[in-house]
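entry21.cif follows (mmCIF, C-alpha atoms; chains and numbers go by the auth columns):
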```cif
data_target
#
loop_
_atom_site.group_PDB
_atom_site.id
_atom_site.type_symbol
_atom_site.label_atom_id
_atom_site.label_comp_id
_atom_site.label_asym_id
_atom_site.label_seq_id
_atom_site.Cartn_x
_atom_site.Cartn_y
_atom_site.Cartn_z
_atom_site.B_iso_or_equiv
_atom_site.auth_seq_id
_atom_site.auth_asym_id
ATOM 1 C CA MET A 1 1.056 12.108 -16.143 0.00 208 A
ATOM 2 C CA PRO A 2 0.620 8.692 -17.767 0.00 209 A
ATOM 3 C CA ALA A 3 0.405 5.695 -15.445 0.00 210 A
ATOM 4 C CA ILE A 4 3.534 4.081 -16.868 0.00 211 A
ATOM 5 C CA ILE A 5 5.623 7.055 -15.740 0.00 212 A
ATOM 6 C CA TYR A 6 4.318 6.594 -12.183 0.00 213 A
ATOM 7 C CA ILE A 7 5.185 2.913 -12.282 0.00 214 A
ATOM 8 C CA LEU A 8 8.688 3.579 -13.603 0.00 215 A
ATOM 9 C CA PHE A 9 9.126 6.329 -11.019 0.00 216 A
ATOM 10 C CA CYS A 10 8.099 3.972 -8.216 0.00 217 A
ATOM 11 C CA CYS A 11 10.266 1.115 -9.502 0.00 218 A
ATOM 12 C CA VAL A 12 13.350 3.319 -9.561 0.00 219 A
ATOM 13 C CA PHE A 13 12.783 5.136 -6.274 0.00 220 A
ATOM 14 C CA PHE A 14 11.589 2.150 -4.275 0.00 221 A
ATOM 15 C CA ASN A 15 14.699 0.170 -5.165 0.00 222 A
ATOM 16 C CA GLY A 16 16.760 0.134 -1.959 0.00 223 A
ATOM 17 C CA SER A 17 19.886 1.491 -3.637 0.00 224 A
ATOM 18 C CA PHE A 18 18.067 4.666 -4.716 0.00 225 A
ATOM 19 C CA THR A 19 16.119 5.565 -1.568 0.00 226 A
ATOM 20 C CA ASP A 20 19.079 7.386 -0.008 0.00 227 A
ATOM 21 C CA SER A 21 18.656 10.167 -2.562 0.00 228 A
ATOM 22 C CA LEU A 22 15.117 10.759 -1.288 0.00 229 A
ATOM 23 C CA PHE A 23 16.223 11.722 2.190 0.00 230 A
ATOM 24 C CA GLU A 24 17.105 15.124 3.499 0.00 231 A
ATOM 25 C CA ARG A 25 18.844 15.955 6.759 0.00 232 A
ATOM 26 C CA GLY A 26 16.954 14.799 9.817 0.00 233 A
ATOM 27 C CA GLY A 27 15.687 11.566 8.249 0.00 234 A
ATOM 28 C CA GLU A 28 12.642 13.090 6.532 0.00 235 A
ATOM 29 C CA HIS A 29 12.193 12.209 2.905 0.00 236 A
ATOM 30 C CA ALA A 30 11.246 14.542 0.109 0.00 237 A
ATOM 31 C CA ILE A 31 8.319 12.551 -1.307 0.00 238 A
ATOM 32 C CA TYR A 32 5.414 10.666 0.220 0.00 239 A
ATOM 33 C CA ILE A 33 4.507 7.789 -2.060 0.00 240 A
ATOM 34 C CA SER A 34 3.672 4.101 -1.851 0.00 241 A
ATOM 35 C CA VAL A 35 3.007 1.358 -4.359 0.00 242 A
ATOM 36 C CA ILE A 36 0.155 -1.154 -4.191 0.00 243 A
ATOM 37 C CA GLN A 37 0.453 -4.195 -6.452 0.00 244 A
ATOM 38 C CA LEU A 38 -2.735 -6.254 -6.579 0.00 245 A
ATOM 39 C CA LYS A 39 -2.764 -9.541 -8.500 0.00 246 A
ATOM 40 C CA HIS A 40 -5.746 -11.783 -9.187 0.00 247 A
ATOM 41 C CA GLN A 41 -5.773 -14.810 -11.440 0.00 248 A
ATOM 42 C CA SER A 42 -9.062 -15.197 -13.288 0.00 249 A
ATOM 43 C CA SER A 43 -11.333 -17.833 -11.724 0.00 250 A
ATOM 44 C CA GLU A 44 -9.443 -17.781 -8.387 0.00 251 A
ATOM 45 C CA GLN A 45 -11.226 -16.717 -5.200 0.00 252 A
ATOM 46 C CA ILE A 46 -8.172 -15.137 -3.609 0.00 253 A
ATOM 47 C CA ALA A 47 -6.002 -12.176 -4.596 0.00 254 A
ATOM 48 C CA SER A 48 -2.637 -10.991 -3.337 0.00 255 A
ATOM 49 C CA LEU A 49 -1.554 -7.471 -2.499 0.00 256 A
ATOM 50 C CA ASN A 50 1.956 -6.194 -2.084 0.00 257 A
ATOM 51 C CA VAL A 51 2.231 -2.759 -0.468 0.00 258 A
ATOM 52 C CA ARG A 52 5.570 -0.920 -0.364 0.00 259 A
ATOM 53 C CA VAL A 53 5.748 1.986 2.083 0.00 260 A
ATOM 54 C CA PHE A 54 8.513 4.043 3.612 0.00 261 A
ATOM 55 C CA ALA A 55 9.436 2.592 7.000 0.00 262 A
ATOM 56 C CA ASP A 56 9.399 5.878 8.905 0.00 263 A
ATOM 57 C CA ASP A 57 5.944 6.759 7.541 0.00 264 A
ATOM 58 C CA LEU A 58 4.501 3.414 8.675 0.00 265 A
ATOM 59 C CA ILE A 59 6.029 3.774 12.124 0.00 266 A
ATOM 60 C CA ASN A 60 4.738 7.350 12.513 0.00 267 A
ATOM 61 C CA CYS A 61 1.227 6.381 11.399 0.00 268 A
ATOM 62 C CA LEU A 62 1.101 3.407 13.787 0.00 269 A
ATOM 63 C CA LYS A 63 2.210 5.678 16.645 0.00 270 A
ATOM 64 C CA HIS A 64 -0.504 8.173 15.721 0.00 271 A
ATOM 65 C CA GLU A 65 -3.255 5.584 15.151 0.00 272 A
ATOM 66 C CA PHE A 66 -2.692 3.597 18.334 0.00 273 A
ATOM 67 C CA GLY A 67 -1.399 6.364 20.630 0.00 274 A
ATOM 68 C CA TYR A 68 2.055 4.856 21.127 0.00 275 A
ATOM 69 C CA ASP A 69 4.799 7.089 22.471 0.00 276 A
ATOM 70 C CA ALA A 70 7.432 4.837 20.975 0.00 277 A
ATOM 71 C CA ILE A 71 7.610 1.840 18.710 0.00 278 A
ATOM 72 C CA ILE A 72 10.419 -0.659 18.992 0.00 279 A
ATOM 73 C CA GLU A 73 12.066 -1.105 15.632 0.00 280 A
ATOM 74 C CA GLN A 74 13.531 -4.589 15.665 0.00 281 A
ATOM 75 C CA ALA A 75 14.342 -7.119 12.977 0.00 282 A
ATOM 76 C CA ASP A 76 10.914 -8.730 13.491 0.00 283 A
ATOM 77 C CA PHE A 77 9.025 -5.413 13.419 0.00 284 A
ATOM 78 C CA CYS A 78 6.229 -6.738 11.192 0.00 285 A
ATOM 79 C CA GLY A 79 5.791 -9.776 13.434 0.00 286 A
ATOM 80 C CA LEU A 80 5.730 -7.706 16.633 0.00 287 A
ATOM 81 C CA TYR A 81 3.217 -5.211 15.221 0.00 288 A
ATOM 82 C CA ALA A 82 1.272 -7.520 12.870 0.00 289 A
ATOM 83 C CA SER A 83 -2.037 -6.864 14.625 0.00 290 A
ATOM 84 C CA GLU A 84 -1.604 -3.093 14.481 0.00 291 A
ATOM 85 C CA ILE A 85 -0.454 -3.149 10.850 0.00 292 A
ATOM 86 C CA SER A 86 -3.451 -5.316 9.890 0.00 293 A
ATOM 87 C CA ARG A 87 -5.968 -3.117 11.709 0.00 294 A
ATOM 88 C CA TYR A 88 -4.465 0.075 10.304 0.00 295 A
ATOM 89 C CA PHE A 89 -4.583 -1.112 6.694 0.00 296 A
ATOM 90 C CA GLN A 90 -8.033 -2.704 7.100 0.00 297 A
ATOM 91 C CA LYS A 91 -9.234 0.760 8.102 0.00 298 A
ATOM 92 C CA HIS A 92 -7.330 2.754 5.451 0.00 299 A
ATOM 93 C CA LEU A 93 -7.086 0.375 2.462 0.00 300 A
ATOM 94 C CA LYS A 94 -10.526 -0.808 1.405 0.00 301 A
ATOM 95 C CA ILE A 95 -11.323 -2.897 -1.646 0.00 302 A
ATOM 96 C CA ASN A 96 -14.762 -3.533 -3.084 0.00 303 A
ATOM 97 C CA ILE A 97 -15.232 -6.011 -5.928 0.00 304 A
ATOM 98 C CA ASN A 98 -18.608 -6.474 -7.640 0.00 305 A
ATOM 99 C CA ASN A 99 -20.161 -4.349 -4.862 0.00 306 A
ATOM 100 C CA GLN A 100 -18.806 -6.712 -2.182 0.00 307 A
ATOM 101 C CA ASN A 101 -16.283 -5.552 0.412 0.00 308 A
ATOM 102 C CA SER A 102 -13.122 -7.654 0.583 0.00 309 A
ATOM 103 C CA LEU A 103 -11.206 -7.943 3.851 0.00 310 A
ATOM 104 C CA ILE A 104 -7.420 -7.851 3.503 0.00 311 A
ATOM 105 C CA ARG A 105 -5.245 -9.986 5.786 0.00 312 A
ATOM 106 C CA LEU A 106 -1.554 -9.364 6.459 0.00 313 A
ATOM 107 C CA SER A 107 0.460 -12.420 5.428 0.00 314 A
ATOM 108 C CA ALA A 108 4.051 -11.168 5.444 0.00 315 A
ATOM 109 C CA GLY A 109 6.181 -8.150 6.079 0.00 316 A
ATOM 110 C CA GLN A 110 9.828 -7.314 5.918 0.00 317 A
ATOM 111 C CA ARG A 111 12.055 -4.298 5.822 0.00 318 A
ATOM 112 C CA GLU A 112 14.247 -3.657 2.796 0.00 319 A
ATOM 113 C CA ALA A 113 16.496 -0.656 3.374 0.00 320 A
ATOM 114 C CA ASP A 114 14.148 2.303 4.041 0.00 321 A
ATOM 115 C CA VAL A 115 11.009 0.512 2.848 0.00 322 A
ATOM 116 C CA PHE A 116 8.611 -2.019 4.350 0.00 323 A
ATOM 117 C CA GLN A 117 7.276 -4.611 1.944 0.00 324 A
ATOM 118 C CA LEU A 118 3.889 -5.777 3.255 0.00 325 A
ATOM 119 C CA GLY A 119 2.070 -8.774 1.809 0.00 326 A
ATOM 120 C CA PHE A 120 -1.697 -9.205 2.111 0.00 327 A
ATOM 121 C CA PHE A 121 -4.265 -11.716 0.875 0.00 328 A
ATOM 122 C CA MET A 122 -7.970 -11.217 0.373 0.00 329 A
ATOM 123 C CA ASP A 123 -10.901 -13.399 -0.531 0.00 330 A
ATOM 124 C CA CYS A 124 -12.725 -12.166 -3.602 0.00 331 A
ATOM 125 C CA PRO A 125 -15.181 -13.224 -6.306 0.00 332 A
ATOM 126 C CA SER A 126 -13.609 -15.322 -9.042 0.00 333 A
ATOM 127 C CA ASP A 127 -14.967 -13.114 -11.841 0.00 334 A
ATOM 128 C CA TRP A 128 -14.629 -9.360 -11.563 0.00 335 A
ATOM 129 C CA GLU A 129 -17.047 -6.905 -13.118 0.00 336 A
ATOM 130 C CA SER A 130 -16.288 -3.835 -11.014 0.00 337 A
ATOM 131 C CA PHE A 131 -13.497 -2.744 -8.687 0.00 338 A
ATOM 132 C CA LYS A 132 -13.271 0.085 -6.171 0.00 339 A
ATOM 133 C CA LEU A 133 -10.222 0.956 -4.097 0.00 340 A
ATOM 134 C CA THR A 134 -10.148 3.465 -1.272 0.00 341 A
ATOM 135 C CA ALA A 135 -6.592 4.051 -0.075 0.00 342 A
ATOM 136 C CA ASP A 136 -6.260 6.982 2.318 0.00 343 A
ATOM 137 C CA TYR A 137 -3.471 5.462 4.393 0.00 344 A
ATOM 138 C CA PHE A 138 -0.793 7.849 5.663 0.00 345 A
ATOM 139 C CA MET A 139 -2.805 10.854 4.466 0.00 346 A
ATOM 140 C CA GLU A 140 -3.871 11.706 8.017 0.00 347 A
ATOM 141 C CA LEU A 141 -0.254 12.693 8.761 0.00 348 A
ATOM 142 C CA PHE A 142 1.143 13.382 5.305 0.00 349 A
ATOM 143 C CA PRO A 143 -1.246 15.416 3.121 0.00 350 A
ATOM 144 C CA ALA A 144 1.111 15.097 0.127 0.00 351 A
ATOM 145 C CA GLN A 145 0.913 11.276 0.232 0.00 352 A
ATOM 146 C CA SER A 146 0.235 9.529 -3.108 0.00 353 A
ATOM 147 C CA ASN A 147 -0.575 5.832 -3.343 0.00 354 A
ATOM 148 C CA VAL A 148 -0.027 4.271 -6.758 0.00 355 A
ATOM 149 C CA LEU A 149 -1.991 1.165 -7.776 0.00 356 A
ATOM 150 C CA HIS A 150 -0.842 -1.481 -10.236 0.00 357 A
ATOM 151 C CA LEU A 151 -3.719 -3.946 -10.687 0.00 358 A
ATOM 152 C CA GLU A 152 -3.532 -7.206 -12.614 0.00 359 A
ATOM 153 C CA GLU A 153 -6.830 -9.048 -13.008 0.00 360 A
ATOM 154 C CA GLY A 154 -6.077 -12.016 -15.212 0.00 361 A
ATOM 155 C CA LEU A 155 -4.589 -10.545 -18.388 0.00 362 A
ATOM 156 C CA VAL A 156 -6.066 -7.081 -17.751 0.00 363 A
ATOM 157 C CA LYS A 157 -3.765 -4.434 -16.262 0.00 364 A
ATOM 158 C CA LYS A 158 -4.979 -1.185 -14.721 0.00 365 A
ATOM 159 C CA PHE A 159 -3.074 1.684 -13.137 0.00 366 A
ATOM 160 C CA GLY A 160 -4.124 4.567 -10.963 0.00 367 A
ATOM 161 C CA ARG A 161 -3.115 6.969 -8.233 0.00 368 A
ATOM 162 C CA VAL A 162 -4.916 8.271 -5.167 0.00 369 A
ATOM 163 C CA ASN A 163 -4.060 11.295 -3.079 0.00 370 A
ATOM 164 C CA LYS A 164 -5.737 13.572 -0.550 0.00 371 A
ATOM 165 C CA GLY A 165 -9.056 14.703 -1.987 0.00 372 A
ATOM 166 C CA LYS A 166 -9.103 11.813 -4.480 0.00 373 A
ATOM 167 C CA GLU A 167 -8.739 8.732 -2.280 0.00 374 A
ATOM 168 C CA GLU A 168 -10.817 6.416 -4.479 0.00 375 A
ATOM 169 C CA LEU A 169 -10.321 4.575 -7.774 0.00 376 A
ATOM 170 C CA ARG A 170 -12.981 2.710 -9.757 0.00 377 A
ATOM 171 C CA PHE A 171 -12.591 0.318 -12.681 0.00 378 A
ATOM 172 C CA LEU A 172 -14.958 -1.780 -14.788 0.00 379 A
ATOM 173 C CA PHE A 173 -13.910 -5.066 -16.399 0.00 380 A
#
```
Could I get this file's structure written as structure tokens?
Amino acid sequence: MPAIIYILFCCVFFNGSFTDSLFERGGEHAIYISVIQLKHQSSEQIASLNVRVFADDLINCLKHEFGYDAIIEQADFCGLYASEISRYFQKHLKININNQNSLIRLSAGQREADVFQLGFFMDCPSDWESFKLTADYFMELFPAQSNVLHLEEGLVKKFGRVNKGKEELRFLF
């Protein structure tokens, strides 16, 4: 399926007013998908990532990863669990640019309806020649998980999708 269809799909279904249609009885949703938006301005040495994930999936994966019996879901959830969220995504969302690993750092997080919007920053080379993304987050609990990437490097736009068995994307610039 062309990348633009994935992007349109994600834009429609990650809009808070449409997420109710994704849920079945019992609070489980019918699809397991997230969107990663990565933006880098040419000649800058920092890039921003915006990751949109279903709230219940994030909570379940944090419970599983850190052995919690319960997680308190409060208004400041991302602030209370910032360390755990950072460590989880540093382990399961890896970015390599020009054969150099880039460490992502959580900068913001908020809940919007049934979705968490997580903001990250990462240091990176100013000029990109190659890019590799490994994004296996949530796949340890949800084998049907798909993570869609929308990458903007200067004026160049790239799209891709990872899922279980194909957790890696590579691009040349």
Residues within 8 Å of segment 260-268 of chain A, all atoms listed in the file, excluding chain neighbours under 3 positions, as number ranges by chain = A: 240-242, 271-272, 278, 318, 321-324, 345, 348
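Distance check against Leu376 of chain A using only C-alpha atoms: of A:Asp276, A:Glu291, A:Asp343, A:Glu319, the minimum falls on A:Asp343.
The nearest approach to Leu356 of chain A among the residues A:Gln307, A:Ser333, A:Asn257, A:Ser293, with only C-alpha atoms taken into account, belongs to A:Asn257.
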Would you kindly return, as an mmCIF file with C-alpha atoms, in the coordinates of the input, each protein, DNA or RNA residue with an atom no farther than 10 Å from any atom of Leu300 of chain A, considering all atoms listed in the file and excluding same-chain residues fewer than 6 positions away?
```cif
data_model
loop_
_atom_site.group_PDB
_atom_site.id
_atom_site.type_symbol
_atom_site.label_atom_id
_atom_site.label_comp_id
_atom_site.auth_asym_id
_atom_site.auth_seq_id
_atom_site.Cartn_x
_atom_site.Cartn_y
_atom_site.Cartn_z
ATOM 1 C CA ILE A 243 0.155 -1.154 -4.191
ATOM 2 C CA ARG A 294 -5.968 -3.117 11.709
ATOM 3 C CA LEU A 310 -11.206 -7.943 3.851
ATOM 4 C CA ILE A 311 -7.420 -7.851 3.503
ATOM 5 C CA LEU A 340 -10.222 0.956 -4.097
ATOM 6 C CA THR A 341 -10.148 3.465 -1.272
ATOM 7 C CA ALA A 342 -6.592 4.051 -0.075
ATOM 8 C CA ASP A 343 -6.260 6.982 2.318
ATOM 9 C CA TYR A 344 -3.471 5.462 4.393
ATOM 10 C CA GLU A 374 -8.739 8.732 -2.280
ATOM 11 C CA GLU A 375 -10.817 6.416 -4.479
#
```
message = As a check of understanding, name the residues that the PyMOL selection byres ((chain A and resi 350) around 12) selects in the supplied structure, as a list in words.
response = Ile238, Tyr239, Ile240, Asp343, Tyr344, Phe345, Met346, Glu347, Leu348, Phe349, Ala351, Gln352, Ser353, Asn354, Val369, Asn370, Lys371, Gly372, Lys373 and Glu374 of chain A
Write to file, as a PDB file, in the coordinates of the input, the residues of the selection just made, with C-alpha atoms.
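Final output, saved to result_10.pdb:
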```pdb
ATOM      1  CA  ILE A 238       8.319  12.551  -1.307  1.00  0.00           C
ATOM      2  CA  TYR A 239       5.414  10.666   0.220  1.00  0.00           C
ATOM      3  CA  ILE A 240       4.507   7.789  -2.060  1.00  0.00           C
ATOM      4  CA  ASP A 343      -6.260   6.982   2.318  1.00  0.00           C
ATOM      5  CA  TYR A 344      -3.471   5.462   4.393  1.00  0.00           C
ATOM      6  CA  PHE A 345      -0.793   7.849   5.663  1.00  0.00           C
ATOM      7  CA  MET A 346      -2.805  10.854   4.466  1.00  0.00           C
ATOM      8  CA  GLU A 347      -3.871  11.706   8.017  1.00  0.00           C
ATOM      9  CA  LEU A 348      -0.254  12.693   8.761  1.00  0.00           C
ATOM     10  CA  PHE A 349       1.143  13.382   5.305  1.00  0.00           C
ATOM     11  CA  ALA A 351       1.111  15.097   0.127  1.00  0.00           C
ATOM     12  CA  GLN A 352       0.913  11.276   0.232  1.00  0.00           C
ATOM     13  CA  SER A 353       0.235   9.529  -3.108  1.00  0.00           C
ATOM     14  CA  ASN A 354      -0.575   5.832  -3.343  1.00  0.00           C
ATOM     15  CA  VAL A 369      -4.916   8.271  -5.167  1.00  0.00           C
ATOM     16  CA  ASN A 370      -4.060  11.295  -3.079  1.00  0.00           C
ATOM     17  CA  LYS A 371      -5.737  13.572  -0.550  1.00  0.00           C
ATOM     18  CA  GLY A 372      -9.056  14.703  -1.987  1.00  0.00           C
ATOM     19  CA  LYS A 373      -9.103  11.813  -4.480  1.00  0.00           C
ATOM     20  CA  GLU A 374      -8.739   8.732  -2.280  1.00  0.00           C
TER      21      GLU A 374
END
```
query = Once the PyMOL selection byres ((chain A and resi 280-289) around 8) has been applied to the shown file, what residues remain in the selection, as a PyMOL selection string?
reply = chain A and resi 278-279+290-293+313+315-317
task = Using the chain letters and numbering of this document, enumerate as a PyMOL selection string the residues selected by the PyMOL selection byres ((chain A and resi 303) around 9).
result = chain A and resi 301-302+304-310+331+337-341
ask   = What is the distance between atom CA of His357 of chain A and atom CA of Ala320 of chain A, in Å to one decimal?
value = 22.1 Å
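Here atom CA of Phe380 of chain A is placed at a distance of 11.7 Å from atom CA of Ser249 of chain A.
The gap separating atom CA of Val363 of chain A from atom CA of Gln297 of chain A is 25.3 Å, in Å to one decimal.
Checking A:Arg312, A:Lys298, A:Arg259, A:His247 one by one against Leu362 of chain A, counting only C-alpha atoms, you find the shortest gap at A:His247.
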message = Taking all atoms listed in the file into account, name the residue in A:Leu245, A:Phe296, A:Phe378, A:Gln252 that is nearest to Leu269 of chain A.
response = A:Phe296
Reconstruct segment 283-294 of chain A at the level of N, CA and C atoms, and format the result as a CSV table (one decimal), in the frame of the given file.
```csv
chain,number,residue,atom,x,y,z
A,283,ASP,N,12.2,-8.1,13.7
A,283,ASP,CA,10.9,-8.7,13.5
A,283,ASP,C,9.8,-7.7,13.7
A,284,PHE,N,10.0,-6.5,13.2
A,284,PHE,CA,9.0,-5.4,13.4
A,284,PHE,C,7.6,-5.8,13.0
A,285,CYS,N,7.5,-6.4,11.8
A,285,CYS,CA,6.2,-6.7,11.2
A,285,CYS,C,5.6,-7.8,12.0
A,286,GLY,N,6.4,-8.7,12.6
A,286,GLY,CA,5.8,-9.8,13.4
A,286,GLY,C,5.3,-9.2,14.8
A,287,LEU,N,6.1,-8.3,15.4
A,287,LEU,CA,5.7,-7.7,16.6
A,287,LEU,C,4.5,-6.8,16.5
A,288,TYR,N,4.3,-6.1,15.4
A,288,TYR,CA,3.2,-5.2,15.2
A,288,TYR,C,2.2,-5.7,14.2
A,289,ALA,N,2.2,-7.0,13.9
A,289,ALA,CA,1.3,-7.5,12.9
A,289,ALA,C,-0.2,-7.1,13.1
A,290,SER,N,-0.6,-7.2,14.3
A,290,SER,CA,-2.0,-6.9,14.6
A,290,SER,C,-2.3,-5.4,14.3
A,291,GLU,N,-1.4,-4.5,14.7
A,291,GLU,CA,-1.6,-3.1,14.5
A,291,GLU,C,-1.5,-2.8,13.0
A,292,ILE,N,-0.6,-3.4,12.3
A,292,ILE,CA,-0.5,-3.1,10.8
A,292,ILE,C,-1.7,-3.6,10.1
A,293,SER,N,-2.2,-4.8,10.5
A,293,SER,CA,-3.5,-5.3,9.9
A,293,SER,C,-4.6,-4.4,10.1
A,294,ARG,N,-4.8,-4.0,11.4
A,294,ARG,CA,-6.0,-3.1,11.7
A,294,ARG,C,-5.9,-1.8,11.0
```
